[in-house]
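See structure below.
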Amino acid sequence: MKMHLDELASLDASGALNADERRAFEEALASAPPGVRAEAAAFREAAAALAEATGDAAAPSAEVKDRLMTRIHQISRPGGKGFAFRFATDDDWLPHPVPGIRMKVLALNAERSYATLLLDVQPGVRFPPHHHGGAEECYVVSGSLYTCGRRLTAGDFLHADPHTDHGELWTDEGCRVLLIVPPGDEIPDAAG
């Protein structure tokens with residue numbers, strides 16, 4: 001099955017392509033529509049922000065790359081061009097710079113400059129204070145989260161304007177949140 005450029009862009013941004021794969025991707029990208037090139041650039045920007053936040057983290061292992069490539073080859077595009085589905089059974093969680101958090105990149109919209117992420121946060125995790133370079137929206141899917149002096153539970157929502165500073169967030173029981181953020185927004189330093 002032929003892989004789509006957006007799938008290759010995410011692999012390229014994460015450093016998962018070998019030299020031949022990267023060369024083929026770059027050749028295909030050169031003749032791609034501007035929206036696809038912008039999406040690839042946004043993936044690279046988000047990956048660079050994650051890499052900066054995590055320091056000298058190791059590249060994905062061969063096993064992780066093989067699993068990811070297998071999964072990408074299994075994906076079909078139901079609904080046709082212009083639709084992207086993500087399913088609860090998709091086991092493609094990525095590590096987050098803050099220990100105890102894993103994330104799924106559900107969508108990346110380069111034209112409107114936002115990423116839709118699903119975060120799975122383990123009990124007891126504390127997310128350090130951070131600055132919002134752009135608007136941030138957080139919807140609690142399950143569990144609970146403490147922020148701004150309030151306890152948010154499933155169904156609660158928080159919007160933060162651009163250029164605001166957010167104090168520490170934490171969860172006692174763990175939670176799952178849907179987060180909409182600019183793809184290049186600064187990711188907090190996990191080192192504490």
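Within each chain, counting starts at residue 1; across the structure tokens, chains are named A, B, ... in the order shown, with ligands numbered 1 upward in that order.
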
All residues 10 Å or closer to Pro99 in chain A, only C-alpha atoms, same chain fewer than 3 positions away omitted, as a ChimeraX atom specification = /A:95-96,102,121-122,125-127,190-191

request  = Just the residues within 10 Å of range 136-143 of chain A, please, counting only C-alpha atoms, with nothing from its chain fewer than 6 positions along; format it as a PyMOL selection string.
outcome  = chain A and resi 114-123+152-162+164+171-182+185

With N, CA and C atoms retained, could you export that selection as a CSV table (one decimal), in the first residue's frame?
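Done, and the output landed in part-v6.csv:
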chain,number,residue,atom,x,y,z
A,114,TYR,N,-2.7,24.7,14.2
A,114,TYR,CA,-3.1,24.0,15.5
A,114,TYR,C,-2.9,22.5,15.4
A,115,ALA,N,-2.6,22.0,16.5
A,115,ALA,CA,-2.5,20.5,16.7
A,115,ALA,C,-3.6,20.0,17.7
A,116,THR,N,-4.2,18.9,17.4
A,116,THR,CA,-5.2,18.3,18.3
A,116,THR,C,-4.5,17.1,18.9
A,117,LEU,N,-4.3,17.1,20.2
A,117,LEU,CA,-3.6,16.0,20.9
A,117,LEU,C,-4.5,15.3,21.9
A,118,LEU,N,-4.3,14.0,22.1
A,118,LEU,CA,-5.0,13.3,23.2
A,118,LEU,C,-3.9,13.0,24.2
A,119,LEU,N,-4.0,13.5,25.4
A,119,LEU,CA,-3.0,13.2,26.4
A,119,LEU,C,-3.6,12.2,27.4
A,120,ASP,N,-2.8,11.2,27.8
A,120,ASP,CA,-3.1,10.2,28.8
A,120,ASP,C,-2.1,10.4,29.9
A,121,VAL,N,-2.7,10.9,31.1
A,121,VAL,CA,-1.8,11.3,32.2
A,121,VAL,C,-2.0,10.4,33.3
A,122,GLN,N,-0.9,9.8,33.8
A,122,GLN,CA,-0.9,8.9,34.9
A,122,GLN,C,-1.2,9.6,36.3
A,123,PRO,N,-1.7,8.8,37.2
A,123,PRO,CA,-2.0,9.4,38.6
A,123,PRO,C,-0.7,10.0,39.1
A,152,LEU,N,-11.0,20.2,37.6
A,152,LEU,CA,-11.8,19.9,36.4
A,152,LEU,C,-12.0,18.4,36.3
A,153,THR,N,-13.2,18.0,36.0
A,153,THR,CA,-13.6,16.6,35.8
A,153,THR,C,-14.1,16.3,34.4
A,154,ALA,N,-14.4,15.1,34.1
A,154,ALA,CA,-14.9,14.7,32.8
A,154,ALA,C,-16.0,15.6,32.3
A,155,GLY,N,-15.8,16.2,31.1
A,155,GLY,CA,-16.8,17.1,30.6
A,155,GLY,C,-16.4,18.6,30.8
A,156,ASP,N,-15.5,18.9,31.6
A,156,ASP,CA,-15.1,20.3,31.9
A,156,ASP,C,-14.1,20.7,30.8
A,157,PHE,N,-14.0,22.0,30.6
A,157,PHE,CA,-13.3,22.6,29.5
A,157,PHE,C,-12.5,23.9,30.0
A,158,LEU,N,-11.3,24.1,29.5
A,158,LEU,CA,-10.6,25.3,29.9
A,158,LEU,C,-10.0,25.9,28.6
A,159,HIS,N,-10.1,27.2,28.5
A,159,HIS,CA,-9.5,27.9,27.3
A,159,HIS,C,-8.5,28.9,28.0
A,160,ALA,N,-7.3,28.9,27.4
A,160,ALA,CA,-6.3,29.9,27.8
A,160,ALA,C,-5.9,30.8,26.6
A,161,ASP,N,-6.0,32.1,26.8
A,161,ASP,CA,-5.6,33.0,25.7
A,161,ASP,C,-4.1,32.9,25.4
A,162,PRO,N,-3.8,33.4,24.2
A,162,PRO,CA,-2.4,33.5,23.8
A,162,PRO,C,-1.6,34.4,24.8
A,164,THR,N,-0.4,33.9,27.8
A,164,THR,CA,-0.7,33.8,29.2
A,164,THR,C,0.2,32.8,29.8
A,171,THR,N,-2.7,15.9,38.6
A,171,THR,CA,-3.8,15.0,38.7
A,171,THR,C,-3.5,14.0,39.8
A,172,ASP,N,-4.4,13.7,40.7
A,172,ASP,CA,-4.3,12.7,41.7
A,172,ASP,C,-4.6,11.3,41.1
A,173,GLU,N,-5.7,11.3,40.4
A,173,GLU,CA,-6.2,10.0,39.9
A,173,GLU,C,-5.9,9.6,38.5
A,174,GLY,N,-5.2,10.6,37.8
A,174,GLY,CA,-5.0,10.4,36.4
A,174,GLY,C,-6.1,11.0,35.5
A,175,CYS,N,-5.8,11.2,34.3
A,175,CYS,CA,-6.9,11.8,33.4
A,175,CYS,C,-6.5,11.6,31.9
A,176,ARG,N,-7.5,11.8,31.1
A,176,ARG,CA,-7.3,11.9,29.7
A,176,ARG,C,-7.9,13.2,29.2
A,177,VAL,N,-7.1,14.0,28.5
A,177,VAL,CA,-7.5,15.3,28.0
A,177,VAL,C,-7.3,15.5,26.5
A,178,LEU,N,-8.2,16.2,25.9
A,178,LEU,CA,-8.1,16.6,24.5
A,178,LEU,C,-7.5,18.0,24.6
A,179,LEU,N,-6.4,18.2,23.9
A,179,LEU,CA,-5.7,19.4,24.0
A,179,LEU,C,-5.5,20.0,22.5
A,180,ILE,N,-5.9,21.2,22.4
A,180,ILE,CA,-5.7,21.9,21.1
A,180,ILE,C,-4.8,23.0,21.3
A,181,VAL,N,-3.6,23.0,20.6
A,181,VAL,CA,-2.5,23.9,20.8
A,181,VAL,C,-1.8,24.2,19.5
A,182,PRO,N,-1.1,25.4,19.4
A,182,PRO,CA,-0.3,25.6,18.2
A,182,PRO,C,0.8,24.6,18.1
A,185,ASP,N,4.1,25.6,19.6
A,185,ASP,CA,4.1,26.2,20.9
A,185,ASP,C,5.2,25.6,21.8

inquiry  = I need the residues of range 104-156 of chain A that end up classed as strand (DSSP E or B) by DSSP on the backbone, written out as a VMD selection string.
reply    = chain A and resid 104 to 109 114 to 121 126 to 127 130 to 132 136 to 147 150 to 153

Just the selected residues (N, CA, C and O atoms), exported as a short mmCIF file (atom, residue, chain, number, x, y, z; two decimals), in the first residue's frame, please.
data_model
loop_
_atom_site.label_atom_id
_atom_site.label_comp_id
_atom_site.auth_asym_id
_atom_site.auth_seq_id
_atom_site.Cartn_x
_atom_site.Cartn_y
_atom_site.Cartn_z
N LYS A 104 -1.20 11.16 21.78
CA LYS A 104 -1.49 10.82 20.39
C LYS A 104 -1.69 12.14 19.66
O LYS A 104 -2.42 13.01 20.13
N VAL A 105 -1.04 12.28 18.53
CA VAL A 105 -1.29 13.43 17.67
C VAL A 105 -2.47 13.03 16.80
O VAL A 105 -2.34 12.20 15.90
N LEU A 106 -3.65 13.60 17.10
CA LEU A 106 -4.85 13.24 16.37
C LEU A 106 -4.93 13.96 15.03
O LEU A 106 -5.40 13.40 14.04
N ALA A 107 -4.49 15.21 15.02
CA ALA A 107 -4.54 15.99 13.78
C ALA A 107 -3.55 17.14 13.89
O ALA A 107 -3.27 17.63 14.97
N LEU A 108 -3.06 17.53 12.73
CA LEU A 108 -2.17 18.68 12.65
C LEU A 108 -2.67 19.53 11.49
O LEU A 108 -2.67 19.08 10.35
N ASN A 109 -3.14 20.73 11.79
CA ASN A 109 -3.66 21.61 10.77
C ASN A 109 -2.67 22.75 10.56
O ASN A 109 -2.63 23.71 11.33
N TYR A 114 -2.75 24.69 14.24
CA TYR A 114 -3.09 24.05 15.50
C TYR A 114 -2.89 22.54 15.40
O TYR A 114 -2.94 21.96 14.32
N ALA A 115 -2.63 21.95 16.55
CA ALA A 115 -2.52 20.49 16.66
C ALA A 115 -3.57 20.03 17.66
O ALA A 115 -3.82 20.69 18.67
N THR A 116 -4.19 18.90 17.36
CA THR A 116 -5.15 18.29 18.28
C THR A 116 -4.48 17.06 18.86
O THR A 116 -4.10 16.15 18.12
N LEU A 117 -4.31 17.06 20.18
CA LEU A 117 -3.61 15.98 20.88
C LEU A 117 -4.52 15.32 21.89
O LEU A 117 -5.38 15.98 22.48
N LEU A 118 -4.33 14.04 22.11
CA LEU A 118 -4.97 13.34 23.21
C LEU A 118 -3.87 12.97 24.19
O LEU A 118 -2.91 12.30 23.80
N LEU A 119 -3.98 13.46 25.41
CA LEU A 119 -2.99 13.16 26.44
C LEU A 119 -3.56 12.16 27.42
O LEU A 119 -4.69 12.31 27.88
N ASP A 120 -2.77 11.16 27.75
CA ASP A 120 -3.12 10.17 28.77
C ASP A 120 -2.14 10.41 29.92
O ASP A 120 -0.94 10.19 29.77
N VAL A 121 -2.67 10.88 31.05
CA VAL A 121 -1.84 11.33 32.16
C VAL A 121 -2.01 10.37 33.34
O VAL A 121 -3.13 10.15 33.80
N ARG A 126 2.59 15.80 37.69
CA ARG A 126 2.55 17.26 37.84
C ARG A 126 3.16 17.86 36.57
O ARG A 126 4.28 17.55 36.20
N PHE A 127 2.40 18.70 35.91
CA PHE A 127 2.81 19.35 34.68
C PHE A 127 3.33 20.74 35.05
O PHE A 127 2.62 21.52 35.66
N HIS A 130 4.02 26.85 32.55
CA HIS A 130 4.45 27.09 31.17
C HIS A 130 3.76 28.33 30.62
O HIS A 130 2.78 28.82 31.17
N HIS A 131 4.30 28.81 29.51
CA HIS A 131 3.77 30.00 28.83
C HIS A 131 3.03 29.54 27.58
O HIS A 131 3.49 28.67 26.86
N HIS A 132 1.90 30.16 27.30
CA HIS A 132 1.14 29.87 26.09
C HIS A 132 1.51 30.89 25.01
O HIS A 132 1.18 32.06 25.14
N GLU A 136 -4.70 27.92 23.94
CA GLU A 136 -4.69 26.51 24.32
C GLU A 136 -6.08 26.16 24.81
O GLU A 136 -6.68 26.90 25.58
N GLU A 137 -6.58 25.02 24.35
CA GLU A 137 -7.89 24.55 24.78
C GLU A 137 -7.76 23.13 25.30
O GLU A 137 -7.08 22.31 24.69
N CYS A 138 -8.37 22.89 26.44
CA CYS A 138 -8.24 21.61 27.12
C CYS A 138 -9.63 21.11 27.53
O CYS A 138 -10.35 21.81 28.26
N TYR A 139 -9.99 19.92 27.08
CA TYR A 139 -11.26 19.29 27.44
C TYR A 139 -10.94 18.00 28.18
O TYR A 139 -10.20 17.15 27.67
N VAL A 140 -11.47 17.84 29.38
CA VAL A 140 -11.22 16.65 30.18
C VAL A 140 -12.17 15.54 29.72
O VAL A 140 -13.39 15.67 29.84
N VAL A 141 -11.60 14.47 29.20
CA VAL A 141 -12.37 13.33 28.71
C VAL A 141 -12.72 12.39 29.86
O VAL A 141 -13.85 11.92 29.98
N SER A 142 -11.73 12.13 30.73
CA SER A 142 -11.96 11.25 31.88
C SER A 142 -10.99 11.62 32.99
O SER A 142 -9.97 12.26 32.75
N GLY A 143 -11.32 11.20 34.21
CA GLY A 143 -10.47 11.51 35.36
C GLY A 143 -10.65 12.94 35.80
O GLY A 143 -11.68 13.57 35.55
N SER A 144 -9.63 13.47 36.46
CA SER A 144 -9.70 14.85 36.93
C SER A 144 -8.33 15.51 36.86
O SER A 144 -7.30 14.84 36.88
N LEU A 145 -8.35 16.84 36.80
CA LEU A 145 -7.17 17.65 36.63
C LEU A 145 -7.33 18.92 37.45
O LEU A 145 -8.39 19.53 37.44
N TYR A 146 -6.28 19.30 38.18
CA TYR A 146 -6.30 20.54 38.95
C TYR A 146 -5.53 21.61 38.21
O TYR A 146 -4.38 21.40 37.81
N THR A 147 -6.16 22.79 38.04
CA THR A 147 -5.51 23.93 37.39
C THR A 147 -6.20 25.21 37.81
O THR A 147 -7.42 25.22 38.05
N ARG A 150 -8.78 25.19 40.53
CA ARG A 150 -10.03 24.45 40.33
C ARG A 150 -9.76 23.00 39.97
O ARG A 150 -8.74 22.68 39.39
N ARG A 151 -10.72 22.16 40.30
CA ARG A 151 -10.67 20.74 39.91
C ARG A 151 -11.59 20.57 38.71
O ARG A 151 -12.79 20.82 38.80
N LEU A 152 -11.01 20.15 37.59
CA LEU A 152 -11.78 19.87 36.39
C LEU A 152 -12.01 18.37 36.29
O LEU A 152 -11.08 17.59 36.51
N THR A 153 -13.22 17.97 35.97
CA THR A 153 -13.55 16.56 35.82
C THR A 153 -14.09 16.31 34.41
O THR A 153 -14.25 17.25 33.62
#

request  = Once DSSP has gone over the backbone, tell me which residues of range 70-170 of chain A are in alpha helix (DSSP H), as an NGL selection string.
outcome  = :A and (70-74)

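Using only C-alpha atoms, the shortest contact distance between Gly149 in chain A and any of A:Gly124, A:Gly167, A:Pro129, A:Pro97 is found at A:Gly167.
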